[in-house]
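Engineer: What follows is target_1.csv, CSV, C-alpha atoms (C1' of nucleotides).
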```
chain,number,residue,atom,x,y,z
A,1,MET,CA,0.0,0.0,0.0
A,2,ASN,CA,1.4,3.4,-1.0
A,3,GLN,CA,-0.2,5.3,1.7
A,4,ASP,CA,-1.3,3.7,4.9
A,5,PHE,CA,-4.5,3.9,6.8
A,6,ALA,CA,-2.6,3.4,10.0
A,7,TYR,CA,-1.8,7.1,10.4
A,8,PHE,CA,-5.4,8.0,10.6
A,9,GLU,CA,-6.3,5.2,13.0
A,10,GLN,CA,-3.5,6.4,15.3
A,11,GLY,CA,-4.9,9.9,15.3
A,12,ILE,CA,-8.4,8.5,16.1
A,13,ASP,CA,-6.9,6.5,18.9
A,14,ARG,CA,-5.3,9.6,20.4
A,15,ILE,CA,-8.5,11.5,20.3
A,16,ALA,CA,-10.5,8.7,21.8
A,17,ARG,CA,-8.0,8.7,24.7
A,18,GLN,CA,-8.5,12.4,25.3
A,19,LEU,CA,-12.2,12.8,24.7
A,20,PRO,CA,-15.1,10.5,25.8
A,21,GLY,CA,-18.0,9.5,23.7
A,22,MET,CA,-16.5,8.8,20.3
A,23,PRO,CA,-18.1,5.9,18.4
A,24,GLN,CA,-14.7,4.8,17.5
A,25,ASP,CA,-15.4,1.7,15.3
A,26,GLN,CA,-17.9,3.6,13.3
A,27,VAL,CA,-15.6,6.6,12.8
A,28,VAL,CA,-12.9,4.2,11.6
A,29,LEU,CA,-15.4,2.6,9.3
A,30,ASN,CA,-16.4,5.8,7.6
A,31,ARG,CA,-12.8,6.8,7.0
A,32,LEU,CA,-11.8,3.3,5.9
A,33,PHE,CA,-14.6,3.6,3.4
A,34,PHE,CA,-13.1,6.8,2.1
A,35,PHE,CA,-9.7,5.2,1.8
A,36,VAL,CA,-10.9,2.2,0.0
A,37,PHE,CA,-12.8,4.3,-2.4
A,38,LYS,CA,-9.7,6.2,-3.4
A,39,GLU,CA,-7.8,3.0,-4.1
A,40,LEU,CA,-10.7,1.6,-6.1
A,41,ASP,CA,-11.1,4.7,-8.2
A,42,GLU,CA,-7.4,4.9,-8.8
A,43,ALA,CA,-7.0,1.3,-9.9
A,44,TYR,CA,-9.6,1.5,-12.6
A,45,ASN,CA,-8.7,4.9,-13.8
A,46,GLN,CA,-5.2,3.8,-14.2
A,47,ARG,CA,-6.2,0.9,-16.4
A,48,LEU,CA,-8.7,2.9,-18.4
A,49,ALA,CA,-6.2,5.6,-19.1
A,50,GLU,CA,-4.4,3.2,-21.4
A,51,TYR,CA,-7.4,3.6,-23.8
A,52,GLY,CA,-7.8,7.4,-23.3
A,53,LEU,CA,-10.7,6.8,-21.0
A,54,ASN,CA,-11.6,7.3,-17.3
A,55,SER,CA,-14.3,5.8,-15.2
A,56,SER,CA,-16.9,8.3,-16.3
A,57,SER,CA,-16.2,8.1,-20.1
A,58,PHE,CA,-16.0,4.4,-20.0
A,59,LEU,CA,-19.3,4.0,-18.1
A,60,ALA,CA,-20.9,6.4,-20.5
A,61,LEU,CA,-19.8,4.3,-23.4
A,62,ALA,CA,-20.9,1.1,-21.7
A,63,MET,CA,-24.3,2.5,-20.9
A,64,MET,CA,-24.8,3.6,-24.5
A,65,LEU,CA,-23.8,0.1,-25.6
A,66,SER,CA,-26.5,-1.4,-23.4
A,67,CYS,CA,-29.3,0.6,-25.0
A,68,ASP,CA,-31.3,0.0,-28.2
A,69,SER,CA,-29.4,1.3,-31.2
A,70,ASN,CA,-26.7,2.3,-28.8
A,71,ARG,CA,-28.5,5.5,-28.3
A,72,LEU,CA,-29.2,7.5,-25.1
A,73,ASN,CA,-30.2,11.0,-24.0
A,74,PRO,CA,-27.8,13.1,-21.9
A,75,CYS,CA,-30.5,13.2,-19.3
A,76,ASP,CA,-30.8,9.4,-19.0
A,77,LEU,CA,-27.1,9.1,-19.0
A,78,SER,CA,-26.9,11.5,-16.1
A,79,ASP,CA,-29.2,9.2,-14.1
A,80,ALA,CA,-27.2,6.1,-15.1
A,81,LEU,CA,-23.9,7.7,-14.2
A,82,ILE,CA,-25.1,9.4,-11.1
A,83,ALA,CA,-23.5,12.6,-12.5
A,84,SER,CA,-24.8,16.1,-13.0
A,85,ARG,CA,-26.2,17.1,-16.4
A,86,THR,CA,-23.4,19.7,-16.6
A,87,ASN,CA,-20.9,16.9,-16.3
A,88,VAL,CA,-22.6,14.8,-18.9
A,89,THR,CA,-22.6,17.7,-21.4
A,90,ARG,CA,-18.8,18.0,-21.0
A,91,LEU,CA,-18.4,14.2,-21.1
A,92,ALA,CA,-20.4,14.2,-24.4
A,93,ASP,CA,-18.2,17.0,-25.8
A,94,GLU,CA,-15.2,14.9,-25.0
A,95,LEU,CA,-16.6,11.7,-26.4
A,96,VAL,CA,-17.8,13.4,-29.6
A,97,SER,CA,-14.4,15.0,-30.2
A,98,SER,CA,-12.7,11.7,-29.7
A,99,GLY,CA,-14.9,10.2,-32.4
A,100,TRP,CA,-16.6,7.6,-30.2
A,101,VAL,CA,-20.0,9.2,-30.0
A,102,ASP,CA,-22.3,11.0,-32.4
A,103,ARG,CA,-24.6,13.8,-31.1
A,104,GLN,CA,-27.8,14.7,-33.0
A,105,PRO,CA,-30.8,16.8,-32.0
A,106,SER,CA,-33.9,14.6,-31.3
A,107,THR,CA,-36.7,14.9,-33.8
A,108,ALA,CA,-39.4,13.7,-31.4
A,109,ASP,CA,-38.6,16.2,-28.6
A,110,ARG,CA,-36.7,19.2,-29.8
A,111,ARG,CA,-35.3,19.9,-26.3
A,112,ARG,CA,-33.5,16.7,-26.4
A,113,VAL,CA,-30.3,15.5,-27.9
A,114,GLU,CA,-29.5,11.9,-28.9
A,115,LEU,CA,-26.1,10.5,-28.2
A,116,SER,CA,-25.1,7.3,-30.1
A,117,LEU,CA,-22.0,5.2,-30.3
A,118,THR,CA,-20.1,5.5,-33.5
A,119,ASP,CA,-18.6,2.3,-35.0
A,120,ALA,CA,-15.3,3.3,-33.4
A,121,GLY,CA,-16.9,3.8,-30.1
A,122,ARG,CA,-18.6,0.5,-30.2
A,123,GLU,CA,-15.4,-1.2,-31.1
A,124,LEU,CA,-13.6,0.5,-28.3
A,125,VAL,CA,-16.0,-0.4,-25.6
A,126,LEU,CA,-16.2,-4.0,-26.8
A,127,GLN,CA,-12.5,-4.2,-26.7
A,128,VAL,CA,-12.1,-2.7,-23.3
A,129,LEU,CA,-14.9,-4.5,-21.4
A,130,PRO,CA,-13.3,-8.0,-21.2
A,131,GLY,CA,-10.1,-6.6,-19.7
A,132,ILE,CA,-12.1,-4.6,-17.1
A,133,TRP,CA,-14.1,-7.7,-16.2
A,134,GLN,CA,-10.9,-9.6,-15.8
A,135,LEU,CA,-9.6,-6.9,-13.5
A,136,ILE,CA,-12.8,-7.0,-11.5
A,137,GLU,CA,-12.6,-10.8,-11.2
A,138,ARG,CA,-9.0,-10.6,-10.0
A,139,GLN,CA,-10.0,-7.9,-7.5
A,140,TRP,CA,-12.7,-10.0,-5.9
A,141,THR,CA,-11.0,-13.4,-6.2
A,142,ASP,CA,-10.8,-13.9,-2.5
A,143,PHE,CA,-14.4,-13.2,-1.8
A,144,SER,CA,-16.8,-16.2,-1.6
A,145,PRO,CA,-20.2,-15.7,-3.2
A,146,ALA,CA,-21.6,-15.5,0.3
A,147,GLU,CA,-19.2,-12.7,1.1
A,148,VAL,CA,-20.1,-10.8,-2.1
A,149,ALA,CA,-23.7,-11.1,-1.1
A,150,GLU,CA,-23.1,-10.0,2.4
A,151,PHE,CA,-21.0,-7.0,1.2
A,152,ASP,CA,-23.8,-6.0,-1.1
A,153,ARG,CA,-26.3,-6.2,1.8
A,154,LEU,CA,-24.1,-4.1,4.1
A,155,LEU,CA,-23.5,-1.5,1.4
A,156,ARG,CA,-27.3,-1.1,0.8
A,157,LYS,CA,-27.9,-1.0,4.6
A,158,MET,CA,-25.2,1.7,4.8
A,159,LEU,CA,-27.1,3.6,2.1
A,160,SER,CA,-30.3,3.4,4.3
A,161,GLY,CA,-28.4,4.9,7.2
A,162,LEU,CA,-27.2,7.8,5.0
A,163,ASP,CA,-30.7,8.4,3.7
A,164,ARG,CA,-31.9,8.7,7.3
A,165,LEU,CA,-29.4,11.5,7.9
A,166,ARG,CA,-30.7,13.3,4.9
A,167,GLU,CA,-34.3,13.1,6.1
A,168,ALA,CA,-33.3,14.4,9.5
A,169,ALA,CA,-31.6,17.4,8.1
B,170,MET,CA,-32.9,8.8,-2.3
B,171,ASN,CA,-32.3,11.7,-4.6
B,172,GLN,CA,-30.7,9.7,-7.4
B,173,ASP,CA,-31.3,6.1,-7.7
B,174,PHE,CA,-28.9,3.3,-8.2
B,175,ALA,CA,-31.5,1.4,-10.2
B,176,TYR,CA,-30.6,3.1,-13.5
B,177,PHE,CA,-27.1,1.7,-13.4
B,178,GLU,CA,-28.2,-1.8,-12.4
B,179,GLN,CA,-30.6,-1.9,-15.3
B,180,GLY,CA,-27.9,-0.9,-17.7
B,181,ILE,CA,-25.7,-3.6,-16.3
B,182,ASP,CA,-28.5,-6.1,-16.7
B,183,ARG,CA,-28.9,-5.1,-20.3
B,184,ILE,CA,-25.2,-5.6,-21.0
B,185,ALA,CA,-25.1,-8.9,-19.3
B,186,ARG,CA,-27.9,-10.2,-21.5
B,187,GLN,CA,-26.0,-9.1,-24.6
B,188,LEU,CA,-22.5,-10.2,-23.7
B,189,PRO,CA,-21.3,-13.3,-21.9
B,190,GLY,CA,-18.7,-13.4,-19.2
B,191,MET,CA,-19.6,-10.4,-17.0
B,192,PRO,CA,-19.0,-10.9,-13.3
B,193,GLN,CA,-22.2,-9.1,-12.7
B,194,ASP,CA,-22.4,-9.2,-8.9
B,195,GLN,CA,-18.9,-7.8,-8.6
B,196,VAL,CA,-19.5,-5.1,-11.2
B,197,VAL,CA,-22.6,-4.0,-9.2
B,198,LEU,CA,-20.6,-4.1,-6.0
B,199,ASN,CA,-17.9,-1.8,-7.4
B,200,ARG,CA,-20.4,0.7,-8.6
B,201,LEU,CA,-22.5,0.5,-5.5
B,202,PHE,CA,-19.4,1.3,-3.6
B,203,PHE,CA,-19.0,4.4,-5.7
B,204,PHE,CA,-22.6,5.4,-5.1
B,205,VAL,CA,-22.5,5.0,-1.4
B,206,PHE,CA,-19.3,7.0,-1.2
B,207,LYS,CA,-20.9,10.0,-2.9
B,208,GLU,CA,-23.8,9.9,-0.4
B,209,LEU,CA,-21.4,9.6,2.5
B,210,ASP,CA,-19.2,12.4,1.4
B,211,GLU,CA,-22.2,14.6,0.7
B,212,ALA,CA,-23.9,14.0,4.1
B,213,TYR,CA,-20.9,15.0,6.1
B,214,ASN,CA,-19.8,17.9,4.0
B,215,GLN,CA,-23.3,19.3,4.2
B,216,ARG,CA,-23.2,19.2,8.0
B,217,LEU,CA,-19.6,20.6,8.2
B,218,ALA,CA,-20.5,23.5,5.9
B,219,GLU,CA,-22.5,25.0,8.7
B,220,TYR,CA,-19.2,25.7,10.4
B,221,GLY,CA,-17.3,26.8,7.3
B,222,LEU,CA,-15.6,23.4,7.2
B,223,ASN,CA,-15.5,20.4,4.8
B,224,SER,CA,-14.3,16.9,5.4
B,225,SER,CA,-10.7,17.8,4.7
B,226,SER,CA,-10.4,20.9,6.9
B,227,PHE,CA,-12.4,19.2,9.7
B,228,LEU,CA,-10.1,16.1,9.7
B,229,ALA,CA,-7.1,18.3,9.6
B,230,LEU,CA,-8.2,20.2,12.7
B,231,ALA,CA,-9.1,16.9,14.4
B,232,MET,CA,-5.7,15.4,13.6
B,233,MET,CA,-4.0,18.5,15.0
B,234,LEU,CA,-6.1,18.3,18.1
B,235,SER,CA,-5.0,14.7,18.6
B,236,CYS,CA,-1.3,15.6,18.7
B,237,ASP,CA,1.0,16.9,21.5
B,238,SER,CA,0.6,20.6,21.8
B,239,ASN,CA,-1.9,20.4,19.0
B,240,ARG,CA,1.0,20.7,16.6
B,241,LEU,CA,1.7,18.8,13.4
B,242,ASN,CA,3.8,19.1,10.2
B,243,PRO,CA,2.1,19.4,6.8
B,244,CYS,CA,4.0,16.2,5.9
B,245,ASP,CA,2.5,14.2,8.7
B,246,LEU,CA,-0.9,15.7,8.1
B,247,SER,CA,-0.7,14.6,4.5
B,248,ASP,CA,-0.2,11.0,5.7
B,249,ALA,CA,-3.0,11.2,8.2
B,250,LEU,CA,-5.4,12.7,5.7
B,251,ILE,CA,-4.3,10.5,2.8
B,252,ALA,CA,-4.0,13.7,0.7
B,253,SER,CA,-1.2,15.1,-1.4
B,254,ARG,CA,1.2,17.6,0.2
B,255,THR,CA,0.0,20.1,-2.4
B,256,ASN,CA,-3.5,19.8,-1.0
B,257,VAL,CA,-2.2,20.1,2.5
B,258,THR,CA,-0.4,23.3,1.7
B,259,ARG,CA,-3.6,24.8,0.4
B,260,LEU,CA,-5.6,23.5,3.3
B,261,ALA,CA,-3.2,25.1,5.7
B,262,ASP,CA,-3.5,28.4,3.8
B,263,GLU,CA,-7.2,28.2,4.2
B,264,LEU,CA,-7.1,27.3,7.9
B,265,VAL,CA,-4.5,30.0,8.7
B,266,SER,CA,-6.6,32.6,7.0
B,267,SER,CA,-9.6,31.5,8.9
B,268,GLY,CA,-7.7,32.0,12.1
B,269,TRP,CA,-7.9,28.4,13.3
B,270,VAL,CA,-4.3,27.4,12.7
B,271,ASP,CA,-1.0,29.1,13.2
B,272,ARG,CA,1.9,28.4,10.8
B,273,GLN,CA,5.5,28.7,12.0
B,274,PRO,CA,8.8,27.6,10.5
B,275,SER,CA,10.4,24.8,12.5
B,276,THR,CA,13.5,25.6,14.4
B,277,ALA,CA,14.7,22.0,14.6
B,278,ASP,CA,14.5,21.4,10.9
B,279,ARG,CA,14.4,24.4,8.7
B,280,ARG,CA,12.8,22.6,5.8
B,281,ARG,CA,9.7,22.1,7.9
B,282,VAL,CA,6.8,24.1,9.0
B,283,GLU,CA,4.8,23.6,12.2
B,284,LEU,CA,1.1,23.9,12.1
B,285,SER,CA,-0.7,24.4,15.4
B,286,LEU,CA,-4.3,25.0,16.5
B,287,THR,CA,-5.1,28.5,17.7
B,288,ASP,CA,-7.4,28.8,20.7
B,289,ALA,CA,-10.2,29.6,18.2
B,290,GLY,CA,-9.3,26.4,16.2
B,291,ARG,CA,-9.3,24.3,19.3
B,292,GLU,CA,-12.7,25.7,20.4
B,293,LEU,CA,-14.1,25.1,17.0
B,294,VAL,CA,-13.1,21.5,16.7
B,295,LEU,CA,-14.2,20.7,20.2
B,296,GLN,CA,-17.5,22.2,19.5
B,297,VAL,CA,-18.0,20.4,16.2
B,298,LEU,CA,-16.8,16.9,17.2
B,299,PRO,CA,-19.8,15.9,19.4
B,300,GLY,CA,-22.3,16.8,16.7
B,301,ILE,CA,-20.3,14.8,14.1
B,302,TRP,CA,-20.1,11.8,16.4
B,303,GLN,CA,-23.9,12.0,17.0
B,304,LEU,CA,-24.3,12.0,13.2
B,305,ILE,CA,-22.1,9.0,12.9
B,306,GLU,CA,-24.0,7.2,15.6
B,307,ARG,CA,-27.3,7.9,13.9
B,308,GLN,CA,-25.9,6.8,10.5
B,309,TRP,CA,-24.8,3.4,11.9
B,310,THR,CA,-27.7,2.8,14.4
B,311,ASP,CA,-29.1,-0.2,12.5
B,312,PHE,CA,-25.8,-2.0,12.5
B,313,SER,CA,-25.1,-4.5,15.2
B,314,PRO,CA,-21.6,-4.6,16.6
B,315,ALA,CA,-21.1,-7.9,14.7
B,316,GLU,CA,-22.1,-6.2,11.5
B,317,VAL,CA,-19.8,-3.3,12.1
B,318,ALA,CA,-16.9,-5.7,12.7
B,319,GLU,CA,-17.9,-7.7,9.6
B,320,PHE,CA,-18.1,-4.6,7.5
B,321,ASP,CA,-14.6,-3.6,8.7
B,322,ARG,CA,-13.3,-7.0,7.8
B,323,LEU,CA,-14.8,-6.9,4.3
B,324,LEU,CA,-13.5,-3.4,3.6
B,325,ARG,CA,-10.0,-4.4,4.6
B,326,LYS,CA,-10.3,-7.5,2.5
B,327,MET,CA,-11.4,-5.3,-0.4
B,328,LEU,CA,-8.3,-3.3,0.1
B,329,SER,CA,-6.1,-6.4,-0.2
B,330,GLY,CA,-7.8,-7.2,-3.5
B,331,LEU,CA,-7.1,-3.7,-4.8
B,332,ASP,CA,-3.5,-3.9,-3.7
B,333,ARG,CA,-3.2,-7.1,-5.7
B,334,LEU,CA,-4.3,-5.2,-8.8
B,335,ARG,CA,-1.6,-2.6,-8.2
B,336,GLU,CA,1.1,-5.2,-7.8
B,337,ALA,CA,0.0,-7.0,-11.0
B,338,ALA,CA,0.2,-3.8,-13.0
C,339,DG,C1',-55.9,27.1,-25.7
C,340,DA,C1',-53.0,30.3,-22.9
C,341,DG,C1',-50.1,31.0,-19.2
C,342,DA,C1',-47.5,28.5,-15.5
C,343,DA,C1',-44.6,24.9,-14.5
C,344,DA,C1',-41.6,21.4,-15.7
C,345,DT,C1',-37.9,19.5,-18.4
C,346,DA,C1',-33.5,19.2,-21.5
C,347,DG,C1',-29.4,21.0,-22.5
C,348,DT,C1',-25.7,24.4,-22.2
C,349,DT,C1',-22.7,28.0,-20.3
C,350,DA,C1',-20.1,30.6,-16.9
C,351,DC,C1',-18.2,30.2,-12.8
C,352,DC,C1',-16.4,27.8,-8.7
C,353,DA,C1',-14.4,24.0,-5.5
C,354,DA,C1',-11.4,20.2,-4.5
C,355,DT,C1',-7.6,17.7,-5.6
C,356,DG,C1',-3.7,15.9,-8.1
C,357,DT,C1',1.1,15.9,-10.9
C,358,DA,C1',5.4,17.9,-12.1
C,359,DA,C1',8.8,21.3,-11.4
C,360,DT,C1',11.3,24.3,-8.1
C,361,DT,C1',13.7,25.7,-4.0
C,362,DA,C1',15.7,25.0,0.4
C,363,DT,C1',17.5,22.1,3.7
C,364,DT,C1',19.2,17.8,5.6
C,365,DT,C1',21.1,13.2,5.5
C,366,DC,C1',23.8,9.6,3.6
C,367,DC,C1',28.0,7.6,2.2
C,368,DA,C1',32.4,6.9,-0.4
D,369,DT,C1',34.0,16.0,4.5
D,370,DG,C1',31.9,17.1,0.2
D,371,DG,C1',28.8,15.9,-3.3
D,372,DA,C1',24.7,12.9,-4.3
D,373,DA,C1',20.3,11.7,-2.8
D,374,DA,C1',16.4,12.3,0.0
D,375,DT,C1',13.0,15.2,2.2
D,376,DA,C1',9.7,19.4,3.1
D,377,DA,C1',7.2,22.8,1.3
D,378,DT,C1',5.5,25.5,-2.3
D,379,DT,C1',3.9,27.0,-7.0
D,380,DA,C1',2.0,26.6,-11.6
D,381,DC,C1',-0.9,24.0,-14.1
D,382,DA,C1',-4.3,20.3,-15.2
D,383,DT,C1',-8.3,17.4,-14.1
D,384,DT,C1',-12.7,16.4,-12.5
D,385,DG,C1',-16.6,17.6,-10.7
D,386,DG,C1',-20.6,20.6,-9.1
D,387,DT,C1',-24.2,24.9,-8.7
D,388,DA,C1',-26.7,28.6,-10.6
D,389,DA,C1',-28.4,31.0,-14.3
D,390,DC,C1',-30.1,30.9,-19.0
D,391,DT,C1',-32.6,29.4,-23.3
D,392,DA,C1',-35.6,26.5,-25.7
D,393,DT,C1',-39.2,23.4,-25.7
D,394,DT,C1',-42.9,20.7,-23.9
D,395,DT,C1',-46.6,19.5,-20.6
D,396,DC,C1',-49.9,20.5,-17.3
D,397,DT,C1',-53.9,22.9,-15.7
D,398,DC,C1',-57.6,26.0,-15.4
```
In structure tokens, what does this structure look like?

Structural biologist:
Amino acid sequence: MNQDFAYFEQGIDRIARQLPGMPQDQVVLNRLFFFVFKELDEAYNQRLAEYGLNSSSFLALAMMLSCDSNRLNPCDLSDALIASRTNVTRLADELVSSGWVDRQPSTADRRRVELSLTDAGRELVLQVLPGIWQLIERQWTDFSPAEVAEFDRLLRKMLSGLDRLREAA
Amino acid sequence: MNQDFAYFEQGIDRIARQLPGMPQDQVVLNRLFFFVFKELDEAYNQRLAEYGLNSSSFLALAMMLSCDSNRLNPCDLSDALIASRTNVTRLADELVSSGWVDRQPSTADRRRVELSLTDAGRELVLQVLPGIWQLIERQWTDFSPAEVAEFDRLLRKMLSGLDRLREAA
DNA sequence: GAGAAATAGTTACCAATGTAATTATTTCCA
DNA sequence: TGGAAATAATTACATTGGTAACTATTTCTC
């Protein structure tokens, strides 16, 4: 590991010794989550950079691939990527200028735009997907199916806890 | 939930039906992780914004609080926050200009700088910590101690899997 | 069916963070 | 002990993302 989570844990320990009332395990969990996220993000971006992609542009291409005629609106793409429409506009600019995506005004609803994969875009994503799946399989090798299921359950439960915070605010 | 994870899962389903060989559960897990992270980050930043803080500046203050004389080098802070030294320099600029942190050249090693909490900074972090701990407790309310421990274990195991990817590259 | 409200996309601007290069200082070792 | 290598901090620049404001169009509602 490049950088170590231990520095943070030591700091938390020192605070716990000074001040009463810290839910220490949960504090560590939240921060550990942050740390793991950074590693996850970095690992996949590193691989995708070999193809001139990053997580966002790759997922955008994959989501378009999944659709009928490889065609998708920026708005739906924004939902699928969990990204702002602003970000999707810029992403589309980038993908169009790379020649992977075509952008046409929609005839049915003139507020809309239709993004579709070009042949080059389709080829690219079909070429990249297997390598990424291989990476994912290697990443999760040590997890049994039961552990995968349990992790999924705990992540969704964590989501519920976070939703509760939002409602309270 | 503002934005929904379902859009992504549906896209993944559509791809899985078209192309063989996708480790679907693991793909969903990686993306779910990303989604949860965004919610986590947002929830705490929202709360901290009430005090003119964000996750980074708050953790910086907390880490300084944990140290002897509330004093810390930018370099050590960078390790504790898992942030680049560049980022810590800017963070320190911000905290100094807010009056929460004092920055002095080190006499022992003239390459170094010593950051220390001002009285105002100490008061601020001591005021904010209990509220954040309360938030954390509410967030994790539904988790039994066993679930917390299991989540911790799975997160660290996930970290090992990611480290393996790095070594392979 | 006309005005209000909602929706789609874009733009201008801002926030957070990272990499690479630079400077100053210290440490290592031949 | 003197030069090479390592370390600490900073700066300039790039990347990635978001919010708010705006325009154009569609839909809803009275």

Engineer: Identify the residues around (-17.6, 19.4, 16.1) within a radius of 12 Å, measuring from all atoms listed in the file in the coordinates stated by the file, and give them as a short mmCIF file (atom, residue, chain, number, x, y, z; two decimals) with C-alpha atoms, in the coordinates of the input.

Structural biologist:
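That gives us result_4.cif:
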```cif
data_model
loop_
_atom_site.label_atom_id
_atom_site.label_comp_id
_atom_site.auth_asym_id
_atom_site.auth_seq_id
_atom_site.Cartn_x
_atom_site.Cartn_y
_atom_site.Cartn_z
CA MET A 22 -16.50 8.80 20.30
CA TYR B 213 -20.90 15.00 6.10
CA ARG B 216 -23.20 19.20 8.00
CA LEU B 217 -19.60 20.60 8.20
CA ALA B 218 -20.50 23.50 5.90
CA GLU B 219 -22.50 25.00 8.70
CA TYR B 220 -19.20 25.70 10.40
CA GLY B 221 -17.30 26.80 7.30
CA LEU B 222 -15.60 23.40 7.20
CA ASN B 223 -15.50 20.40 4.80
CA SER B 224 -14.30 16.90 5.40
CA SER B 226 -10.40 20.90 6.90
CA PHE B 227 -12.40 19.20 9.70
CA LEU B 228 -10.10 16.10 9.70
CA LEU B 230 -8.20 20.20 12.70
CA ALA B 231 -9.10 16.90 14.40
CA LEU B 234 -6.10 18.30 18.10
CA GLY B 290 -9.30 26.40 16.20
CA ARG B 291 -9.30 24.30 19.30
CA GLU B 292 -12.70 25.70 20.40
CA LEU B 293 -14.10 25.10 17.00
CA VAL B 294 -13.10 21.50 16.70
CA LEU B 295 -14.20 20.70 20.20
CA GLN B 296 -17.50 22.20 19.50
CA VAL B 297 -18.00 20.40 16.20
CA LEU B 298 -16.80 16.90 17.20
CA PRO B 299 -19.80 15.90 19.40
CA GLY B 300 -22.30 16.80 16.70
CA ILE B 301 -20.30 14.80 14.10
CA TRP B 302 -20.10 11.80 16.40
CA GLN B 303 -23.90 12.00 17.00
CA LEU B 304 -24.30 12.00 13.20
CA ILE B 305 -22.10 9.00 12.90
#
```

Engineer: Pull out every residue of chain D that has at least one atom within 8 Å of chain B, counting only C-alpha atoms (C1' of nucleotides), and report them as a list in words.

Structural biologist: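 Result: DA376, DA377 and DT378 of chain D.
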
Engineer: What is the distance, in Å and to one decimal place, between CA of Ser238 (chain B) and CA of Leu19 (chain A)?

Structural biologist: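 CA of Leu19 (chain A) lies at a distance of 15.3 Å from CA of Ser238 (chain B).
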
Engineer: May I ask which of the residues A:Gln139, A:Asn87, A:Ser116, A:Ser144 is the closest one to chain C, counting all atoms listed in the file?

Structural biologist: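 Nearest candidate to chain C out of A:Gln139, A:Asn87, A:Ser116, A:Ser144: A:Asn87.
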
Engineer: Mind listing whatever residues come within 12 Å of the point (13.8, 25.9, -7.2)? Use all atoms listed in the file, file coordinates, and give them as a PyMOL selection string.

Structural biologist: (chain C and resi 359-362) or (chain D and resi 377-379)

Engineer: Per residue of chain C within 8 Å of chain A, record the nearest atom pair and its distance in Å to one decimal, counting only C-alpha atoms (C1' of nucleotides), with rows in chain order and ascending residue number, as a Markdown table.

Structural biologist:
```
| residue | atom | partner | partner_atom | distance |
| --- | --- | --- | --- | --- |
| C:DA346 | C1' | A:Arg111 | CA | 5.2 |
| C:DG347 | C1' | A:Arg111 | CA | 7.1 |
| C:DT348 | C1' | A:Thr89 | CA | 7.4 |
```

Engineer: For chain B, which residue among A:Gln24, A:Glu167, A:Leu162, A:Arg103 is the nearest when counting all atoms listed in the file?

Structural biologist: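 Of A:Gln24, A:Glu167, A:Leu162, A:Arg103, the one nearest chain B is A:Leu162, counting all atoms listed in the file.
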
Engineer: Specify as a PyMOL selection string all residues of chain A found within 6 Å of chain B, counting only C-alpha atoms.

Structural biologist: chain A and resi 7-8+11+14-15+63+66+80+139+159+161-162

Engineer: If I take CA of Glu263 (chain B) and C1' of DA358 (chain C), how far is one from the other in Å, to one decimal?

Structural biologist: 23.0 Å

Engineer: Find the distance between CA of Ser98 (chain A) and C1' of DT355 (chain C) and write it in Å to one decimal.

Structural biologist: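 Between CA of Ser98 (chain A) and C1' of DT355 (chain C) the gap is 25.4 Å.
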
Engineer: Using all atoms listed in the file, which residues sit within 9 Å of DT375 (chain D) once same-chain residues fewer than 5 positions away are excluded, as a list in words?

Structural biologist: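 What passes the distance filter is Arg280 of chain B; DT363, DT364 and DT365 of chain C.
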
Engineer: N, CA and C atoms for region 110-118 of chain A, written as a CSV table (one decimal), keeping the file's coordinate frame, could you do that?

Structural biologist:
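So the final result, stored in part_12.csv, reads:
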```csv
chain,number,residue,atom,x,y,z
A,110,ARG,N,-37.8,18.3,-29.3
A,110,ARG,CA,-36.7,19.2,-29.8
A,110,ARG,C,-35.8,19.8,-28.7
A,111,ARG,N,-36.2,19.5,-27.4
A,111,ARG,CA,-35.3,19.9,-26.3
A,111,ARG,C,-34.2,19.0,-26.2
A,112,ARG,N,-34.4,17.8,-26.7
A,112,ARG,CA,-33.5,16.7,-26.4
A,112,ARG,C,-32.4,16.5,-27.5
A,113,VAL,N,-31.4,15.8,-27.0
A,113,VAL,CA,-30.3,15.5,-27.9
A,113,VAL,C,-30.1,14.0,-27.8
A,114,GLU,N,-29.7,13.4,-28.9
A,114,GLU,CA,-29.5,11.9,-28.9
A,114,GLU,C,-28.0,11.6,-29.1
A,115,LEU,N,-27.5,10.9,-28.1
A,115,LEU,CA,-26.1,10.5,-28.2
A,115,LEU,C,-26.1,9.1,-28.7
A,116,SER,N,-25.2,8.7,-29.6
A,116,SER,CA,-25.1,7.3,-30.1
A,116,SER,C,-23.7,7.0,-30.3
A,117,LEU,N,-23.4,5.7,-30.1
A,117,LEU,CA,-22.0,5.2,-30.3
A,117,LEU,C,-21.7,5.2,-31.8
A,118,THR,N,-20.6,5.7,-32.2
A,118,THR,CA,-20.1,5.5,-33.5
A,118,THR,C,-19.5,4.1,-33.6
```
